[in-house]
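Worksheet for the structure shown next.
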Amino acid sequence: MALDLTKVPARYRLNIEALLTSLLPALLRQKRMVAWIQALHLPLLSLYEQFIEHVKRSTTELSYNGQTMMLEKALNDRFDPGFRRIKIINSDTELEPVYLNFVSEQQPAPALYLDNEGEPLLYINAWNEYTNQVGFTVQVPRSLAPKQASLQARIKQLKLALIRHTIVYK
């Protein structure tokens, strides 16, 4: 199996067949001797090809991160490469906490309005409303429901810490 060296990154390019031929003394460079040396080095060539495949996979894996576009690409590459139906929808609402200060802090109290005044009402959220906020939603086709555990693991591997997510099957 011949490896196309033009697709290999320059730092990993190694033409083993040319190297073996050039290492033989000129008097021993007959076709039979070169073929024998190449046959002896077939395991080395297969290891080299495995190494190049590993480099390609690692480079692709390292290109993924927690950005929405790259996370979506990573999920589609692994779980739905043919149709690419996995979508990530960022949450556009976020609860903003109201800070109530202690009397000893001597800070002014937040403004409270009545309904008929027309001002925005001050709403004090419960703590669990803040902790249960969702940062993004992952839309996944129903056919991938059996792979939920591996899908969750992949999302947790790439997403930012403390950002919550939900999976919705369509």
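All residue names refer to the structure tokens as shown: chains lettered A, B, ... in order, residues numbered from 1 in each chain, ligands numbered from 1 in order.
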_Long-range neighbours of Arg142 in chain A as a PyMOL selection string, 8 Å cut-off, only C-alpha atoms, 2 positions minimum in chain_ = chain A and resi 140+144-145+169-170
Could you give me, as an mmCIF file with N, CA and C atoms, in the first residue's frame, each residue of range 23-153 of chain A that DSSP assigns to alpha helix (DSSP H) when run on this structure's backbone?
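Okay, this is what ended up in selection_18.cif:
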data_model
loop_
_atom_site.group_PDB
_atom_site.id
_atom_site.type_symbol
_atom_site.label_atom_id
_atom_site.label_comp_id
_atom_site.auth_asym_id
_atom_site.auth_seq_id
_atom_site.Cartn_x
_atom_site.Cartn_y
_atom_site.Cartn_z
ATOM 1 N N LEU A 23 20.457 3.989 1.100
ATOM 2 C CA LEU A 23 21.339 3.458 2.135
ATOM 3 C C LEU A 23 22.121 2.232 1.679
ATOM 4 N N LYS A 31 17.842 -4.998 -8.432
ATOM 5 C CA LYS A 31 16.396 -5.047 -8.180
ATOM 6 C C LYS A 31 16.048 -6.073 -7.108
ATOM 7 N N ARG A 32 16.719 -7.195 -7.134
ATOM 8 C CA ARG A 32 16.425 -8.264 -6.181
ATOM 9 C C ARG A 32 16.784 -7.845 -4.751
ATOM 10 N N MET A 33 17.913 -7.217 -4.576
ATOM 11 C CA MET A 33 18.361 -6.780 -3.252
ATOM 12 C C MET A 33 17.460 -5.664 -2.714
ATOM 13 N N VAL A 34 17.107 -4.714 -3.578
ATOM 14 C CA VAL A 34 16.226 -3.615 -3.159
ATOM 15 C C VAL A 34 14.863 -4.172 -2.755
ATOM 16 N N ALA A 35 14.330 -5.112 -3.508
ATOM 17 C CA ALA A 35 13.039 -5.724 -3.178
ATOM 18 C C ALA A 35 13.120 -6.467 -1.848
ATOM 19 N N TRP A 36 14.241 -7.144 -1.608
ATOM 20 C CA TRP A 36 14.406 -7.878 -0.346
ATOM 21 C C TRP A 36 14.455 -6.917 0.848
ATOM 22 N N ILE A 37 15.208 -5.813 0.709
ATOM 23 C CA ILE A 37 15.299 -4.816 1.788
ATOM 24 C C ILE A 37 13.934 -4.176 2.035
ATOM 25 N N GLN A 38 13.198 -3.896 0.968
ATOM 26 C CA GLN A 38 11.869 -3.301 1.124
ATOM 27 C C GLN A 38 10.903 -4.284 1.793
ATOM 28 N N ALA A 39 11.018 -5.554 1.467
ATOM 29 C CA ALA A 39 10.179 -6.562 2.109
ATOM 30 C C ALA A 39 10.493 -6.667 3.590
ATOM 31 N N LEU A 40 11.768 -6.531 3.956
ATOM 32 C CA LEU A 40 12.150 -6.569 5.371
ATOM 33 C C LEU A 40 11.598 -5.366 6.139
ATOM 34 N N LEU A 42 8.694 -3.754 5.491
ATOM 35 C CA LEU A 42 7.243 -3.577 5.395
ATOM 36 C C LEU A 42 6.586 -3.296 6.756
ATOM 37 N N PRO A 43 7.010 -3.962 7.840
ATOM 38 C CA PRO A 43 6.427 -3.602 9.142
ATOM 39 C C PRO A 43 6.703 -2.144 9.522
ATOM 40 N N LEU A 44 7.890 -1.642 9.170
ATOM 41 C CA LEU A 44 8.207 -0.240 9.436
ATOM 42 C C LEU A 44 7.293 0.681 8.629
ATOM 43 N N LEU A 45 7.032 0.329 7.390
ATOM 44 C CA LEU A 45 6.150 1.122 6.540
ATOM 45 C C LEU A 45 4.719 1.126 7.075
ATOM 46 N N SER A 46 4.244 -0.023 7.552
ATOM 47 C CA SER A 46 2.881 -0.055 8.106
ATOM 48 C C SER A 46 2.797 0.757 9.403
ATOM 49 N N LEU A 47 3.844 0.740 10.220
ATOM 50 C CA LEU A 47 3.872 1.573 11.427
ATOM 51 C C LEU A 47 3.873 3.060 11.067
ATOM 52 N N TYR A 48 4.606 3.391 10.045
ATOM 53 C CA TYR A 48 4.648 4.783 9.584
ATOM 54 C C TYR A 48 3.262 5.227 9.119
ATOM 55 N N GLU A 49 2.551 4.384 8.381
ATOM 56 C CA GLU A 49 1.200 4.714 7.922
ATOM 57 C C GLU A 49 0.233 4.860 9.097
ATOM 58 N N GLN A 50 0.360 3.992 10.102
ATOM 59 C CA GLN A 50 -0.468 4.110 11.302
ATOM 60 C C GLN A 50 -0.168 5.420 12.033
ATOM 61 N N PHE A 51 1.103 5.786 12.071
ATOM 62 C CA PHE A 51 1.495 7.037 12.719
ATOM 63 C C PHE A 51 0.885 8.237 11.994
ATOM 64 N N ILE A 52 0.923 8.228 10.668
ATOM 65 C CA ILE A 52 0.351 9.332 9.890
ATOM 66 C C ILE A 52 -1.156 9.421 10.118
ATOM 67 N N GLU A 53 -1.842 8.280 10.182
ATOM 68 C CA GLU A 53 -3.280 8.288 10.479
ATOM 69 C C GLU A 53 -3.546 8.845 11.874
ATOM 70 N N HIS A 54 -2.704 8.482 12.815
ATOM 71 C CA HIS A 54 -2.839 9.001 14.188
ATOM 72 C C HIS A 54 -2.639 10.521 14.208
ATOM 73 N N VAL A 55 -1.678 11.019 13.456
ATOM 74 C CA VAL A 55 -1.438 12.461 13.384
ATOM 75 C C VAL A 55 -2.663 13.170 12.818
ATOM 76 N N LYS A 56 -3.255 12.621 11.764
ATOM 77 C CA LYS A 56 -4.440 13.234 11.162
ATOM 78 C C LYS A 56 -5.617 13.256 12.134
ATOM 79 N N ARG A 57 -5.848 12.118 12.826
ATOM 80 C CA ARG A 57 -6.946 12.064 13.803
ATOM 81 C C ARG A 57 -6.707 13.038 14.951
ATOM 82 N N SER A 58 -5.477 13.100 15.438
ATOM 83 C CA SER A 58 -5.156 13.995 16.560
ATOM 84 C C SER A 58 -5.299 15.458 16.169
ATOM 85 N N THR A 59 -4.871 15.798 14.968
ATOM 86 C CA THR A 59 -5.007 17.175 14.499
ATOM 87 C C THR A 59 -6.473 17.570 14.403
ATOM 88 N N THR A 60 -7.297 16.667 13.901
ATOM 89 C CA THR A 60 -8.732 16.940 13.817
ATOM 90 C C THR A 60 -9.335 17.080 15.209
ATOM 91 N N GLU A 61 -8.978 16.176 16.112
ATOM 92 C CA GLU A 61 -9.516 16.206 17.473
ATOM 93 C C GLU A 61 -9.105 17.486 18.203
ATOM 94 N N LEU A 62 -7.894 17.931 17.993
ATOM 95 C CA LEU A 62 -7.414 19.140 18.662
ATOM 96 C C LEU A 62 -8.009 20.411 18.068
ATOM 97 N N SER A 63 -8.611 20.314 16.887
ATOM 98 C CA SER A 63 -9.233 21.493 16.290
ATOM 99 C C SER A 63 -10.591 21.791 16.919
ATOM 100 N N THR A 68 -19.576 27.249 19.687
ATOM 101 C CA THR A 68 -20.802 26.636 19.170
ATOM 102 C C THR A 68 -20.563 25.932 17.841
ATOM 103 N N MET A 69 -19.919 26.600 16.921
ATOM 104 C CA MET A 69 -19.719 26.036 15.588
ATOM 105 C C MET A 69 -18.827 24.793 15.638
ATOM 106 N N MET A 70 -17.767 24.836 16.422
ATOM 107 C CA MET A 70 -16.843 23.712 16.491
ATOM 108 C C MET A 70 -17.447 22.549 17.282
ATOM 109 N N LEU A 71 -18.233 22.855 18.312
ATOM 110 C CA LEU A 71 -18.904 21.803 19.074
ATOM 111 C C LEU A 71 -19.918 21.084 18.187
ATOM 112 N N GLU A 72 -20.658 21.845 17.403
ATOM 113 C CA GLU A 72 -21.628 21.251 16.480
ATOM 114 C C GLU A 72 -20.908 20.383 15.442
ATOM 115 N N LYS A 73 -19.787 20.864 14.934
ATOM 116 C CA LYS A 73 -19.004 20.096 13.951
ATOM 117 C C LYS A 73 -18.483 18.802 14.571
ATOM 118 N N ALA A 74 -17.995 18.881 15.812
ATOM 119 C CA ALA A 74 -17.470 17.692 16.485
ATOM 120 C C ALA A 74 -18.561 16.649 16.697
ATOM 121 N N LEU A 75 -19.747 17.091 17.115
ATOM 122 C CA LEU A 75 -20.849 16.153 17.335
ATOM 123 C C LEU A 75 -21.314 15.537 16.023
ATOM 124 N N ASN A 76 -21.409 16.336 14.979
ATOM 125 C CA ASN A 76 -21.826 15.803 13.683
ATOM 126 C C ASN A 76 -20.774 14.872 13.096
ATOM 127 N N ASP A 77 -19.492 15.198 13.270
ATOM 128 C CA ASP A 77 -18.433 14.335 12.750
ATOM 129 C C ASP A 77 -18.472 12.954 13.395
ATOM 130 N N ARG A 78 -18.778 12.907 14.671
ATOM 131 C CA ARG A 78 -18.757 11.627 15.363
ATOM 132 C C ARG A 78 -20.085 10.871 15.254
ATOM 133 N N PHE A 79 -21.215 11.552 15.433
ATOM 134 C CA PHE A 79 -22.483 10.851 15.570
ATOM 135 C C PHE A 79 -23.372 10.883 14.323
ATOM 136 N N TRP A 127 -33.427 30.735 43.986
ATOM 137 C CA TRP A 127 -32.064 30.279 43.697
ATOM 138 C C TRP A 127 -32.041 29.161 42.659
ATOM 139 N N ASN A 128 -33.015 28.243 42.728
ATOM 140 C CA ASN A 128 -33.006 27.136 41.766
ATOM 141 C C ASN A 128 -33.291 27.605 40.344
ATOM 142 N N GLU A 129 -33.918 28.775 40.164
ATOM 143 C CA GLU A 129 -34.103 29.303 38.821
ATOM 144 C C GLU A 129 -32.774 29.726 38.208
ATOM 145 N N TYR A 130 -31.882 30.218 39.025
ATOM 146 C CA TYR A 130 -30.553 30.592 38.525
ATOM 147 C C TYR A 130 -29.712 29.354 38.234
ATOM 148 N N THR A 131 -29.777 28.382 39.102
ATOM 149 C CA THR A 131 -28.933 27.197 38.921
ATOM 150 C C THR A 131 -29.434 26.274 37.818
ATOM 151 N N GLN A 148 -27.265 8.214 23.699
ATOM 152 C CA GLN A 148 -27.334 9.386 24.563
ATOM 153 C C GLN A 148 -26.154 9.471 25.530
ATOM 154 N N ALA A 149 -25.732 8.353 26.092
ATOM 155 C CA ALA A 149 -24.629 8.391 27.060
ATOM 156 C C ALA A 149 -23.334 8.868 26.400
ATOM 157 N N SER A 150 -23.031 8.356 25.215
ATOM 158 C CA SER A 150 -21.806 8.784 24.550
ATOM 159 C C SER A 150 -21.934 10.217 24.031
ATOM 160 N N LEU A 151 -23.149 10.620 23.657
ATOM 161 C CA LEU A 151 -23.386 11.993 23.226
ATOM 162 C C LEU A 151 -23.176 12.963 24.388
ATOM 163 N N GLN A 152 -23.713 12.610 25.551
ATOM 164 C CA GLN A 152 -23.519 13.437 26.752
ATOM 165 C C GLN A 152 -22.040 13.540 27.108
ATOM 166 N N ALA A 153 -21.337 12.418 27.028
ATOM 167 C CA ALA A 153 -19.907 12.422 27.372
ATOM 168 C C ALA A 153 -19.123 13.322 26.421
#
Closest of A:Ile86, A:Ile155, A:Ala109, A:Leu95 to Ala126 in chain A, counting only C-alpha atoms, is A:Leu95
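For the choices A:Ile89, A:Ala18, A:Ala161, A:Val103, the atom-to-atom distance to Val138 in chain A is smallest for A:Ile89 when using only C-alpha atoms.
Shortest separation to Asn65 in chain A among A:Gln157, A:Ala26, A:His165, A:Asn101 occurs at residue A:Gln157, atoms counted being only C-alpha atoms.
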DSSP on the backbone: which residues in range 22-167 of chain A end up as strand (DSSP E or B)? Give the answer as a PDB file with C-alpha atoms, in the first residue's frame.
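Result saved to out_19.pdb:
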ATOM      1  CA  LYS A  87     -27.780  21.521  15.768  1.00  0.00           C
ATOM      2  CA  ILE A  88     -26.828  23.671  18.756  1.00  0.00           C
ATOM      3  CA  ILE A  89     -29.160  26.471  19.767  1.00  0.00           C
ATOM      4  CA  ASN A  90     -27.771  29.014  22.193  1.00  0.00           C
ATOM      5  CA  PHE A 136     -27.560  25.874  25.105  1.00  0.00           C
ATOM      6  CA  THR A 137     -29.799  23.190  23.654  1.00  0.00           C
ATOM      7  CA  VAL A 138     -28.589  20.368  21.429  1.00  0.00           C
ATOM      8  CA  GLN A 139     -31.131  19.223  18.823  1.00  0.00           C
ATOM      9  CA  VAL A 140     -30.489  15.590  17.943  1.00  0.00           C
ATOM     10  CA  HIS A 165     -27.179  22.067  28.395  1.00  0.00           C
ATOM     11  CA  THR A 166     -30.188  20.013  27.402  1.00  0.00           C
ATOM     12  CA  ILE A 167     -30.688  17.499  24.622  1.00  0.00           C
TER      13      ILE A 167
END
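Taking CA of Gln67 in chain A as the reference point, CA of Ile163 in chain A is found at 12.0 Å.
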Open item on the list: List as an NGL selection string the protein and nucleic acid residues near His41 in chain A, meaning an atom at most 9 Å away when only C-alpha atoms are counted, but skip any in the same chain fewer than 6 places from it.
Closed with: :A and (16-17 or 20)
Write the selection just made, keeping all heavy atoms, as a PDB file, in the first residue's frame?
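Output below, filename again-v8.pdb:
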ATOM      1  N   ILE A  16      10.336   6.258   2.784  1.00  0.00           N
ATOM      2  CA  ILE A  16      11.103   5.109   3.284  1.00  0.00           C
ATOM      3  C   ILE A  16      11.729   4.323   2.134  1.00  0.00           C
ATOM      4  O   ILE A  16      12.881   3.892   2.234  1.00  0.00           O
ATOM      5  CB  ILE A  16      10.206   4.211   4.154  1.00  0.00           C
ATOM      6  CG1 ILE A  16       9.814   4.970   5.420  1.00  0.00           C
ATOM      7  CG2 ILE A  16      10.915   2.915   4.510  1.00  0.00           C
ATOM      8  CD1 ILE A  16       8.893   4.233   6.329  1.00  0.00           C
ATOM      9  N   GLU A  17      11.019   4.153   1.034  1.00  0.00           N
ATOM     10  CA  GLU A  17      11.561   3.377  -0.088  1.00  0.00           C
ATOM     11  C   GLU A  17      12.801   4.047  -0.672  1.00  0.00           C
ATOM     12  O   GLU A  17      13.812   3.381  -0.951  1.00  0.00           O
ATOM     13  CB  GLU A  17      10.481   3.179  -1.156  1.00  0.00           C
ATOM     14  CG  GLU A  17       9.336   2.324  -0.664  1.00  0.00           C
ATOM     15  CD  GLU A  17       8.194   2.235  -1.656  1.00  0.00           C
ATOM     16  OE1 GLU A  17       8.344   2.756  -2.781  1.00  0.00           O
ATOM     17  OE2 GLU A  17       7.163   1.658  -1.292  1.00  0.00           O
ATOM     18  N   LEU A  20      15.709   3.613   1.849  1.00  0.00           N
ATOM     19  CA  LEU A  20      16.308   2.278   1.852  1.00  0.00           C
ATOM     20  C   LEU A  20      17.210   2.079   0.631  1.00  0.00           C
ATOM     21  O   LEU A  20      18.286   1.485   0.730  1.00  0.00           O
ATOM     22  CB  LEU A  20      15.220   1.208   1.878  1.00  0.00           C
ATOM     23  CG  LEU A  20      14.406   1.136   3.163  1.00  0.00           C
ATOM     24  CD1 LEU A  20      13.281   0.130   3.011  1.00  0.00           C
ATOM     25  CD2 LEU A  20      15.280   0.795   4.335  1.00  0.00           C
TER      26      LEU A  20
END
